[in-house]
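Next comes final.tsv, with TSV, N, CA and C atoms.
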chain	number	residue	atom	x	y	z
A	240	MET	N	-12.56	5.49	-45.28
A	240	MET	CA	-11.38	6.29	-45.54
A	240	MET	C	-11.73	7.39	-46.53
A	241	ASN	N	-11.35	8.61	-46.21
A	241	ASN	CA	-11.54	9.76	-47.09
A	241	ASN	C	-10.20	10.23	-47.62
A	242	VAL	N	-10.18	10.63	-48.88
A	242	VAL	CA	-8.99	11.19	-49.51
A	242	VAL	C	-9.40	12.49	-50.18
A	243	SER	N	-8.62	13.54	-49.96
A	243	SER	CA	-8.91	14.85	-50.56
A	243	SER	C	-7.67	15.43	-51.19
A	244	ALA	N	-7.87	16.07	-52.33
A	244	ALA	CA	-6.79	16.80	-53.00
A	244	ALA	C	-6.89	18.27	-52.59
A	245	ILE	N	-5.76	18.82	-52.20
A	245	ILE	CA	-5.70	20.20	-51.73
A	245	ILE	C	-4.72	20.98	-52.59
A	246	VAL	N	-5.13	22.19	-53.01
A	246	VAL	CA	-4.22	23.11	-53.68
A	246	VAL	C	-3.82	24.16	-52.66
A	247	VAL	N	-2.52	24.23	-52.41
A	247	VAL	CA	-1.97	25.20	-51.48
A	247	VAL	C	-1.28	26.28	-52.31
A	248	GLN	N	-1.57	27.53	-52.00
A	248	GLN	CA	-0.97	28.65	-52.72
A	248	GLN	C	-0.06	29.42	-51.77
A	249	THR	N	1.15	29.69	-52.24
A	249	THR	CA	2.09	30.52	-51.51
A	249	THR	C	2.73	31.49	-52.49
A	250	ARG	N	3.45	32.44	-51.98
A	250	ARG	CA	4.19	33.35	-52.88
A	250	ARG	C	5.44	32.63	-53.37
A	251	PRO	N	5.86	32.91	-54.59
A	251	PRO	CA	7.02	32.20	-55.18
A	251	PRO	C	8.27	32.19	-54.30
A	252	GLU	N	8.51	33.24	-53.56
A	252	GLU	CA	9.72	33.29	-52.73
A	252	GLU	C	9.65	32.34	-51.53
A	253	TYR	N	8.47	31.81	-51.22
A	253	TYR	CA	8.32	30.90	-50.08
A	253	TYR	C	8.06	29.45	-50.49
A	254	ILE	N	8.17	29.14	-51.77
A	254	ILE	CA	7.86	27.79	-52.26
A	254	ILE	C	8.66	26.73	-51.51
A	255	GLU	N	9.97	26.90	-51.42
A	255	GLU	CA	10.81	25.89	-50.77
A	255	GLU	C	10.44	25.71	-49.30
A	256	GLU	N	10.23	26.82	-48.61
A	256	GLU	CA	9.91	26.76	-47.18
A	256	GLU	C	8.56	26.07	-46.94
A	257	VAL	N	7.54	26.45	-47.71
A	257	VAL	CA	6.22	25.85	-47.53
A	257	VAL	C	6.24	24.38	-47.96
A	258	THR	N	6.94	24.07	-49.04
A	258	THR	CA	7.06	22.68	-49.48
A	258	THR	C	7.67	21.82	-48.37
A	259	LYS	N	8.75	22.33	-47.76
A	259	LYS	CA	9.40	21.59	-46.68
A	259	LYS	C	8.46	21.40	-45.50
A	260	THR	N	7.73	22.44	-45.15
A	260	THR	CA	6.78	22.36	-44.04
A	260	THR	C	5.71	21.30	-44.32
A	261	LEU	N	5.19	21.30	-45.55
A	261	LEU	CA	4.18	20.31	-45.92
A	261	LEU	C	4.74	18.90	-45.88
A	262	GLN	N	5.95	18.73	-46.43
A	262	GLN	CA	6.57	17.40	-46.48
A	262	GLN	C	6.89	16.86	-45.09
A	263	GLU	N	7.25	17.74	-44.17
A	263	GLU	CA	7.61	17.32	-42.83
A	263	GLU	C	6.40	17.14	-41.91
A	264	SER	N	5.26	17.63	-42.34
A	264	SER	CA	4.06	17.48	-41.50
A	264	SER	C	3.51	16.07	-41.65
A	265	ASP	N	2.77	15.65	-40.66
A	265	ASP	CA	2.08	14.36	-40.72
A	265	ASP	C	0.66	14.52	-41.24
A	266	LEU	N	0.36	15.69	-41.78
A	266	LEU	CA	-1.00	16.01	-42.19
A	266	LEU	C	-1.33	15.60	-43.62
A	267	CYS	N	-0.32	15.53	-44.49
A	267	CYS	CA	-0.60	15.36	-45.91
A	267	CYS	C	0.59	14.71	-46.62
A	268	ASP	N	0.33	14.35	-47.87
A	268	ASP	CA	1.39	13.88	-48.77
A	268	ASP	C	1.59	14.92	-49.85
A	269	PHE	N	2.82	15.37	-50.03
A	269	PHE	CA	3.14	16.37	-51.05
A	269	PHE	C	3.34	15.67	-52.39
A	270	HIS	N	2.77	16.25	-53.46
A	270	HIS	CA	2.86	15.63	-54.78
A	270	HIS	C	3.54	16.48	-55.84
A	271	PHE	N	3.29	17.79	-55.82
A	271	PHE	CA	3.75	18.61	-56.93
A	271	PHE	C	3.74	20.08	-56.54
A	272	GLY	N	4.61	20.84	-57.14
A	272	GLY	CA	4.61	22.29	-56.98
A	272	GLY	C	5.11	22.94	-58.25
A	273	ASP	N	4.69	24.20	-58.49
A	273	ASP	CA	5.20	24.92	-59.66
A	273	ASP	C	5.85	26.22	-59.25
A	274	ASP	N	6.42	26.91	-60.20
A	274	ASP	CA	7.15	28.15	-59.94
A	274	ASP	C	6.25	29.31	-59.51
A	275	LEU	N	4.95	29.15	-59.69
A	275	LEU	CA	4.01	30.21	-59.31
A	275	LEU	C	3.56	30.09	-57.86
A	276	GLY	N	3.98	29.00	-57.19
A	276	GLY	CA	3.63	28.81	-55.78
A	276	GLY	C	2.40	27.96	-55.55
A	277	ARG	N	1.98	27.23	-56.58
A	277	ARG	CA	0.85	26.31	-56.41
A	277	ARG	C	1.40	24.93	-56.06
A	278	LEU	N	0.94	24.40	-54.94
A	278	LEU	CA	1.43	23.12	-54.43
A	278	LEU	C	0.24	22.17	-54.27
A	279	ILE	N	0.43	20.93	-54.67
A	279	ILE	CA	-0.64	19.94	-54.60
A	279	ILE	C	-0.30	18.90	-53.54
A	280	VAL	N	-1.24	18.70	-52.62
A	280	VAL	CA	-1.08	17.69	-51.57
A	280	VAL	C	-2.38	16.88	-51.47
A	281	THR	N	-2.28	15.73	-50.84
A	281	THR	CA	-3.49	14.96	-50.52
A	281	THR	C	-3.55	14.73	-49.02
A	282	ILE	N	-4.76	14.66	-48.53
A	282	ILE	CA	-5.05	14.38	-47.12
A	282	ILE	C	-5.82	13.08	-47.07
A	283	GLU	N	-5.45	12.20	-46.15
A	283	GLU	CA	-6.22	11.00	-45.88
A	283	GLU	C	-6.69	11.05	-44.44
A	284	ALA	N	-7.95	10.72	-44.24
A	284	ALA	CA	-8.51	10.72	-42.89
A	284	ALA	C	-9.64	9.71	-42.81
A	285	GLU	N	-9.99	9.34	-41.59
A	285	GLU	CA	-11.07	8.38	-41.39
A	285	GLU	C	-12.44	8.97	-41.72
A	286	GLY	N	-12.55	10.28	-41.64
A	286	GLY	CA	-13.84	10.92	-41.92
A	286	GLY	C	-13.66	12.37	-42.31
A	287	THR	N	-14.77	13.01	-42.61
A	287	THR	CA	-14.76	14.41	-43.04
A	287	THR	C	-14.17	15.32	-41.97
A	288	GLU	N	-14.48	15.03	-40.72
A	288	GLU	CA	-13.97	15.86	-39.62
A	288	GLU	C	-12.44	15.88	-39.60
A	289	GLY	N	-11.82	14.73	-39.83
A	289	GLY	CA	-10.36	14.65	-39.87
A	289	GLY	C	-9.77	15.41	-41.06
A	290	GLU	N	-10.45	15.33	-42.18
A	290	GLU	CA	-9.99	16.07	-43.36
A	290	GLU	C	-10.02	17.58	-43.11
A	291	ILE	N	-11.13	18.05	-42.57
A	291	ILE	CA	-11.29	19.48	-42.31
A	291	ILE	C	-10.28	19.96	-41.27
A	292	LYS	N	-10.03	19.14	-40.27
A	292	LYS	CA	-9.04	19.50	-39.24
A	292	LYS	C	-7.65	19.65	-39.87
A	293	ALA	N	-7.25	18.70	-40.70
A	293	ALA	CA	-5.94	18.76	-41.35
A	293	ALA	C	-5.86	19.97	-42.29
A	294	LEU	N	-6.92	20.20	-43.06
A	294	LEU	CA	-6.95	21.35	-43.97
A	294	LEU	C	-6.81	22.65	-43.19
A	295	SER	N	-7.52	22.76	-42.08
A	295	SER	CA	-7.44	23.98	-41.25
A	295	SER	C	-6.03	24.21	-40.73
A	296	GLN	N	-5.34	23.14	-40.35
A	296	GLN	CA	-3.96	23.28	-39.87
A	296	GLN	C	-3.03	23.72	-41.00
A	297	ILE	N	-3.21	23.15	-42.18
A	297	ILE	CA	-2.39	23.55	-43.33
A	297	ILE	C	-2.62	25.03	-43.66
A	298	GLN	N	-3.84	25.48	-43.57
A	298	GLN	CA	-4.16	26.89	-43.85
A	298	GLN	C	-3.44	27.84	-42.89
A	299	LYS	N	-3.06	27.34	-41.72
A	299	LYS	CA	-2.39	28.18	-40.72
A	299	LYS	C	-0.87	28.14	-40.82
A	300	PHE	N	-0.32	27.31	-41.72
A	300	PHE	CA	1.14	27.26	-41.87
A	300	PHE	C	1.67	28.62	-42.31
A	301	PRO	N	2.86	28.98	-41.84
A	301	PRO	CA	3.46	30.26	-42.27
A	301	PRO	C	3.60	30.32	-43.80
A	302	HIS	N	3.26	31.46	-44.35
A	302	HIS	CA	3.39	31.78	-45.77
A	302	HIS	C	2.39	31.06	-46.68
A	303	VAL	N	1.42	30.37	-46.11
A	303	VAL	CA	0.35	29.79	-46.92
A	303	VAL	C	-0.68	30.89	-47.14
A	304	VAL	N	-0.91	31.25	-48.40
A	304	VAL	CA	-1.90	32.27	-48.73
A	304	VAL	C	-3.29	31.65	-48.72
A	305	THR	N	-3.44	30.51	-49.40
A	305	THR	CA	-4.70	29.78	-49.39
A	305	THR	C	-4.40	28.28	-49.43
A	306	ALA	N	-5.33	27.50	-48.94
A	306	ALA	CA	-5.31	26.04	-49.07
A	306	ALA	C	-6.76	25.64	-49.21
A	307	ASP	N	-7.09	25.11	-50.39
A	307	ASP	CA	-8.48	24.80	-50.69
A	307	ASP	C	-8.64	23.37	-51.16
A	308	MET	N	-9.69	22.72	-50.68
A	308	MET	CA	-10.02	21.37	-51.10
A	308	MET	C	-10.59	21.43	-52.52
A	309	GLN	N	-10.00	20.65	-53.41
A	309	GLN	CA	-10.45	20.63	-54.79
A	309	GLN	C	-11.22	19.38	-55.15
A	310	PHE	N	-10.94	18.30	-54.46
A	310	PHE	CA	-11.57	17.02	-54.74
A	310	PHE	C	-11.62	16.23	-53.45
A	311	ALA	N	-12.72	15.54	-53.24
A	311	ALA	CA	-12.84	14.69	-52.05
A	311	ALA	C	-13.46	13.36	-52.44
A	312	TYR	N	-12.93	12.30	-51.90
A	312	TYR	CA	-13.44	10.95	-52.13
A	312	TYR	C	-13.73	10.33	-50.78
A	313	SER	N	-14.93	9.83	-50.62
A	313	SER	CA	-15.31	9.19	-49.36
A	313	SER	C	-15.74	7.76	-49.64
A	314	GLU	N	-14.94	6.83	-49.20
A	314	GLU	CA	-15.23	5.41	-49.40
A	314	GLU	C	-16.54	5.02	-48.71
A	315	ASP	N	-16.76	5.56	-47.52
A	315	ASP	CA	-17.98	5.23	-46.77
A	315	ASP	C	-19.23	5.71	-47.51
A	316	GLU	N	-19.17	6.93	-48.03
A	316	GLU	CA	-20.32	7.46	-48.76
A	316	GLU	C	-20.57	6.67	-50.04
A	317	LEU	N	-19.50	6.29	-50.74
A	317	LEU	CA	-19.65	5.48	-51.94
A	317	LEU	C	-20.31	4.15	-51.61
A	318	ASN	N	-19.83	3.49	-50.57
A	318	ASN	CA	-20.40	2.20	-50.17
A	318	ASN	C	-21.86	2.35	-49.74
A	319	GLU	N	-22.18	3.45	-49.07
A	319	GLU	CA	-23.56	3.69	-48.64
A	319	GLU	C	-24.48	3.83	-49.85
A	320	GLU	N	-24.04	4.59	-50.86
A	320	GLU	CA	-24.85	4.77	-52.06
A	320	GLU	C	-24.99	3.45	-52.83
A	321	ARG	N	-23.93	2.67	-52.88
A	321	ARG	CA	-24.01	1.37	-53.54
A	321	ARG	C	-25.01	0.46	-52.84
A	322	SER	N	-25.00	0.48	-51.51
A	322	SER	CA	-25.94	-0.38	-50.77
A	322	SER	C	-27.37	0.08	-50.98
A	323	LYS	N	-27.61	1.37	-51.15
A	323	LYS	CA	-28.96	1.87	-51.43
A	323	LYS	C	-29.46	1.27	-52.75
A	324	LEU	N	-28.59	1.22	-53.74
A	324	LEU	CA	-28.99	0.64	-55.03
A	324	LEU	C	-29.35	-0.82	-54.86
A	325	GLU	N	-28.58	-1.54	-54.06
A	325	GLU	CA	-28.84	-2.96	-53.84
A	325	GLU	C	-30.13	-3.17	-53.06
A	326	VAL	N	-30.35	-2.36	-52.03
A	326	VAL	CA	-31.55	-2.48	-51.20
A	326	VAL	C	-32.79	-2.11	-52.00
A	327	GLU	N	-32.67	-1.10	-52.85
A	327	GLU	CA	-33.82	-0.64	-53.63
A	327	GLU	C	-34.01	-1.47	-54.89
A	328	GLY	N	-33.32	-2.57	-55.02
A	328	GLY	CA	-33.53	-3.47	-56.14
A	328	GLY	C	-32.67	-3.18	-57.35
A	329	GLY	N	-31.62	-2.40	-57.18
A	329	GLY	CA	-30.72	-2.15	-58.31
A	329	GLY	C	-31.40	-1.40	-59.44
A	330	ASP	N	-32.10	-0.35	-59.12
A	330	ASP	CA	-32.85	0.42	-60.11
A	330	ASP	C	-31.93	1.23	-61.03
A	331	ILE	N	-30.99	0.59	-61.65
A	331	ILE	CA	-30.10	1.26	-62.59
A	331	ILE	C	-30.68	1.10	-63.98
A	332	PRO	N	-30.93	2.19	-64.69
A	332	PRO	CA	-31.47	2.07	-66.04
A	332	PRO	C	-30.56	1.21	-66.92
A	333	SER	N	-31.17	0.35	-67.72
A	333	SER	CA	-30.39	-0.59	-68.54
A	333	SER	C	-29.49	0.13	-69.54
A	334	TRP	N	-29.90	1.32	-69.99
A	334	TRP	CA	-29.11	2.02	-70.99
A	334	TRP	C	-27.75	2.48	-70.44
A	335	LEU	N	-27.61	2.55	-69.12
A	335	LEU	CA	-26.31	2.93	-68.55
A	335	LEU	C	-25.25	1.87	-68.82
A	336	ASN	N	-25.67	0.63	-69.03
A	336	ASN	CA	-24.73	-0.45	-69.32
A	336	ASN	C	-24.69	-0.80	-70.80
A	337	ASP	N	-25.35	0.00	-71.64
A	337	ASP	CA	-25.41	-0.25	-73.08
A	337	ASP	C	-24.26	0.46	-73.78
A	338	ASP	N	-23.30	-0.31	-74.30
A	338	ASP	CA	-22.15	0.26	-74.99
A	338	ASP	C	-22.55	0.98	-76.27
A	339	GLU	N	-23.73	0.71	-76.79
A	339	GLU	CA	-24.20	1.31	-78.03
A	339	GLU	C	-25.06	2.56	-77.79
A	340	ALA	N	-25.24	2.95	-76.54
A	340	ALA	CA	-26.09	4.10	-76.23
A	340	ALA	C	-25.52	5.36	-76.86
A	341	ASN	N	-26.41	6.18	-77.43
A	341	ASN	CA	-26.02	7.43	-78.07
A	341	ASN	C	-26.14	8.56	-77.04
A	342	LEU	N	-25.04	9.23	-76.76
A	342	LEU	CA	-25.03	10.29	-75.75
A	342	LEU	C	-25.99	11.43	-76.08
A	343	LYS	N	-26.25	11.65	-77.37
A	343	LYS	CA	-27.16	12.73	-77.76
A	343	LYS	C	-28.60	12.45	-77.32
A	344	ASN	N	-28.91	11.21	-77.00
A	344	ASN	CA	-30.26	10.86	-76.57
A	344	ASN	C	-30.45	10.99	-75.06
A	345	ILE	N	-29.41	11.37	-74.34
A	345	ILE	CA	-29.50	11.52	-72.90
A	345	ILE	C	-30.03	12.91	-72.58
A	346	GLN	N	-31.09	12.98	-71.80
A	346	GLN	CA	-31.64	14.26	-71.38
A	346	GLN	C	-31.08	14.60	-70.01
A	347	TYR	N	-30.34	15.68	-69.95
A	347	TYR	CA	-29.71	16.10	-68.70
A	347	TYR	C	-30.53	17.24	-68.11
A	348	ASN	N	-31.01	17.07	-66.88
A	348	ASN	CA	-31.85	18.08	-66.26
A	348	ASN	C	-31.17	18.80	-65.11
A	349	GLY	N	-29.87	18.64	-64.95
A	349	GLY	CA	-29.17	19.25	-63.82
A	349	GLY	C	-28.68	20.66	-64.08
A	350	ASP	N	-28.82	21.14	-65.31
A	350	ASP	CA	-28.32	22.47	-65.64
A	350	ASP	C	-29.52	23.43	-65.75
A	351	ILE	N	-29.48	24.52	-65.02
A	351	ILE	CA	-30.62	25.44	-65.01
A	351	ILE	C	-30.86	26.07	-66.39
A	352	ARG	N	-29.86	26.06	-67.25
A	352	ARG	CA	-30.01	26.60	-68.60
A	352	ARG	C	-30.42	25.52	-69.59
A	353	LYS	N	-30.64	24.27	-69.12
A	353	LYS	CA	-31.01	23.14	-69.97
A	353	LYS	C	-30.05	23.00	-71.15
A	354	LYS	N	-28.79	23.02	-70.85
A	354	LYS	CA	-27.75	22.92	-71.85
A	354	LYS	C	-27.89	21.59	-72.63
A	355	GLN	N	-27.74	21.65	-73.92
A	355	GLN	CA	-27.84	20.48	-74.78
A	355	GLN	C	-26.47	19.95	-75.13
A	356	PHE	N	-26.35	18.63	-75.28
A	356	PHE	CA	-25.11	18.00	-75.72
A	356	PHE	C	-25.12	17.95	-77.25
A	357	ASP	N	-24.21	18.66	-77.88
A	357	ASP	CA	-24.14	18.65	-79.35
A	357	ASP	C	-23.07	17.73	-79.85

Would you kindly transcribe this structure into structure tokens?
Amino acid sequence: MNVSAIVVQTRPEYIEEVTKTLQESDLCDFHFGDDLGRLIVTIEAEGTEGEIKALSQIQKFPHVVTADMQFAYSEDELNEERSKLEVEGGDIPSWLNDDEANLKNIQYNGDIRKKQFD
């Protein structure tokens, strides 16, 4: 099961109409909207293809300026990664489970600027 958070943008004068369209569709669950026309919905689908299909349909609704995926959760991908850890012998560094670990001692190599944690 995949779950994605979508931000839908419309013009303020169309908030009620777009909100109603979203709520009446079987594509998503409506959660929140503001006076600026930003609306938050979630999509649930069996896979990525279903999520993209629903998102594409929402993007085509009348008065929708943009609809963009902001967050995606894939239960299958999570389970696959967990099983890799189990198959590979659970190669999780012990310090990840150490409540006393000092964050300043963690070397992060994912930032091209080698940003330091202060």

Report task. Have a look at atom C of Asp274 in chain A and atom C of Pro251 in chain A and let me know their distance in Å, one decimal. Result -> 6.3 Å

Report task. Identify, on the basis of only N, CA and C atoms, every residue whose closest approach to His270 in chain A does not exceed 8 Å; exclude the query and any residue fewer than 4 positions from it along the same chain; express the result as a list in words. Result ->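 Close residues of His270 in chain A: Leu278, Ile279, Val280 and Thr281 of chain A.
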
Requested in this report: Using DSSP on the backbone coordinates, identify the residues of chain A assigned to strand (DSSP E); present them as a ChimeraX atom specification.
Outcome: /A:241-249,268-272,277-284,303-313

Query - DSSP alpha helix (DSSP H) residues within chain A, listed as a ChimeraX atom specification - result: /A:254-263,287-298,314-326

Query raised in the report: Counting only C-alpha atoms, which of A:Glu320, A:Asp307, A:Asp315, A:Glu339 gets nearest to Ala284 in chain A?
Result: A:Asp315

Requested in this report: Would you kindly return, as a list in words, each protein, DNA or RNA residue with an atom no farther than 6 Å from any atom of Asn241 in chain A, considering only N, CA and C atoms and excluding same-chain residues fewer than 6 positions away?
Outcome: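 Here the answer would be Ile282, Glu283, Ala284, Glu285, Gly286, Tyr312, Ser313 and Glu314 of chain A.
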
Report task. Kindly give the distance, in Å, that separates atom C of Asp268 in chain A and CA of Val242 in chain A, rounded to a single decimal. Result ->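 Taking atom C of Asp268 in chain A and CA of Val242 in chain A, their separation equals 11.2 Å.
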
Query raised in the report: In Å to one decimal, how far is atom N of Lys323 in chain A from atom N of Gln346 in chain A?
Result: 23.9 Å

Query raised in the report: What residues have an atom no more than 8 Å from (-4.5, 22.6, -44.6) in the file's own frame, counting only C-alpha atoms, and can you write them as JSON, numbers by chain?
Result: {"A": [245, 247, 266, 291, 292, 293, 294, 295, 296, 297, 298, 299, 300, 306, 307]}

Output for the residues just chosen: N, CA and C atoms as a PDB file, keeping the file's coordinate frame:
ATOM      1  N   ILE A 245      -5.760  18.820 -52.200  1.00  0.00           N
ATOM      2  CA  ILE A 245      -5.700  20.200 -51.730  1.00  0.00           C
ATOM      3  C   ILE A 245      -4.720  20.980 -52.590  1.00  0.00           C
ATOM      4  N   VAL A 247      -2.520  24.230 -52.410  1.00  0.00           N
ATOM      5  CA  VAL A 247      -1.970  25.200 -51.480  1.00  0.00           C
ATOM      6  C   VAL A 247      -1.280  26.280 -52.310  1.00  0.00           C
ATOM      7  N   LEU A 266       0.360  15.690 -41.780  1.00  0.00           N
ATOM      8  CA  LEU A 266      -1.000  16.010 -42.190  1.00  0.00           C
ATOM      9  C   LEU A 266      -1.330  15.600 -43.620  1.00  0.00           C
ATOM     10  N   ILE A 291     -11.130  18.050 -42.570  1.00  0.00           N
ATOM     11  CA  ILE A 291     -11.290  19.480 -42.310  1.00  0.00           C
ATOM     12  C   ILE A 291     -10.280  19.960 -41.270  1.00  0.00           C
ATOM     13  N   LYS A 292     -10.030  19.140 -40.270  1.00  0.00           N
ATOM     14  CA  LYS A 292      -9.040  19.500 -39.240  1.00  0.00           C
ATOM     15  C   LYS A 292      -7.650  19.650 -39.870  1.00  0.00           C
ATOM     16  N   ALA A 293      -7.250  18.700 -40.700  1.00  0.00           N
ATOM     17  CA  ALA A 293      -5.940  18.760 -41.350  1.00  0.00           C
ATOM     18  C   ALA A 293      -5.860  19.970 -42.290  1.00  0.00           C
ATOM     19  N   LEU A 294      -6.920  20.200 -43.060  1.00  0.00           N
ATOM     20  CA  LEU A 294      -6.950  21.350 -43.970  1.00  0.00           C
ATOM     21  C   LEU A 294      -6.810  22.650 -43.190  1.00  0.00           C
ATOM     22  N   SER A 295      -7.520  22.760 -42.080  1.00  0.00           N
ATOM     23  CA  SER A 295      -7.440  23.980 -41.250  1.00  0.00           C
ATOM     24  C   SER A 295      -6.030  24.210 -40.730  1.00  0.00           C
ATOM     25  N   GLN A 296      -5.340  23.140 -40.350  1.00  0.00           N
ATOM     26  CA  GLN A 296      -3.960  23.280 -39.870  1.00  0.00           C
ATOM     27  C   GLN A 296      -3.030  23.720 -41.000  1.00  0.00           C
ATOM     28  N   ILE A 297      -3.210  23.150 -42.180  1.00  0.00           N
ATOM     29  CA  ILE A 297      -2.390  23.550 -43.330  1.00  0.00           C
ATOM     30  C   ILE A 297      -2.620  25.030 -43.660  1.00  0.00           C
ATOM     31  N   GLN A 298      -3.840  25.480 -43.570  1.00  0.00           N
ATOM     32  CA  GLN A 298      -4.160  26.890 -43.850  1.00  0.00           C
ATOM     33  C   GLN A 298      -3.440  27.840 -42.890  1.00  0.00           C
ATOM     34  N   LYS A 299      -3.060  27.340 -41.720  1.00  0.00           N
ATOM     35  CA  LYS A 299      -2.390  28.180 -40.720  1.00  0.00           C
ATOM     36  C   LYS A 299      -0.870  28.140 -40.820  1.00  0.00           C
ATOM     37  N   PHE A 300      -0.320  27.310 -41.720  1.00  0.00           N
ATOM     38  CA  PHE A 300       1.140  27.260 -41.870  1.00  0.00           C
ATOM     39  C   PHE A 300       1.670  28.620 -42.310  1.00  0.00           C
ATOM     40  N   ALA A 306      -5.330  27.500 -48.940  1.00  0.00           N
ATOM     41  CA  ALA A 306      -5.310  26.040 -49.070  1.00  0.00           C
ATOM     42  C   ALA A 306      -6.760  25.640 -49.210  1.00  0.00           C
ATOM     43  N   ASP A 307      -7.090  25.110 -50.390  1.00  0.00           N
ATOM     44  CA  ASP A 307      -8.480  24.800 -50.690  1.00  0.00           C
ATOM     45  C   ASP A 307      -8.640  23.370 -51.160  1.00  0.00           C
TER      46      ASP A 307
END

Produce the centre coordinates and the three edge lengths, each in Å to one decimal, of the box along x, y and z that contains all listed atoms of range 284-303 of chain A with 3 Å added on each side, as JSON.
{"center_x": -5.6, "center_y": 20.1, "center_z": -43.2, "size_x": 24.4, "size_y": 29.4, "size_z": 13.9}

Requested in this report: Excluding Arg250 in chain A and any residue of its chain fewer than 3 positions from it, enumerate the residues within 5 Å of it, using all atoms listed in the file, and give them as a list in words.
Outcome: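 Non-adjacent residues within range: Tyr253, Ile254 and Gly276 of chain A.
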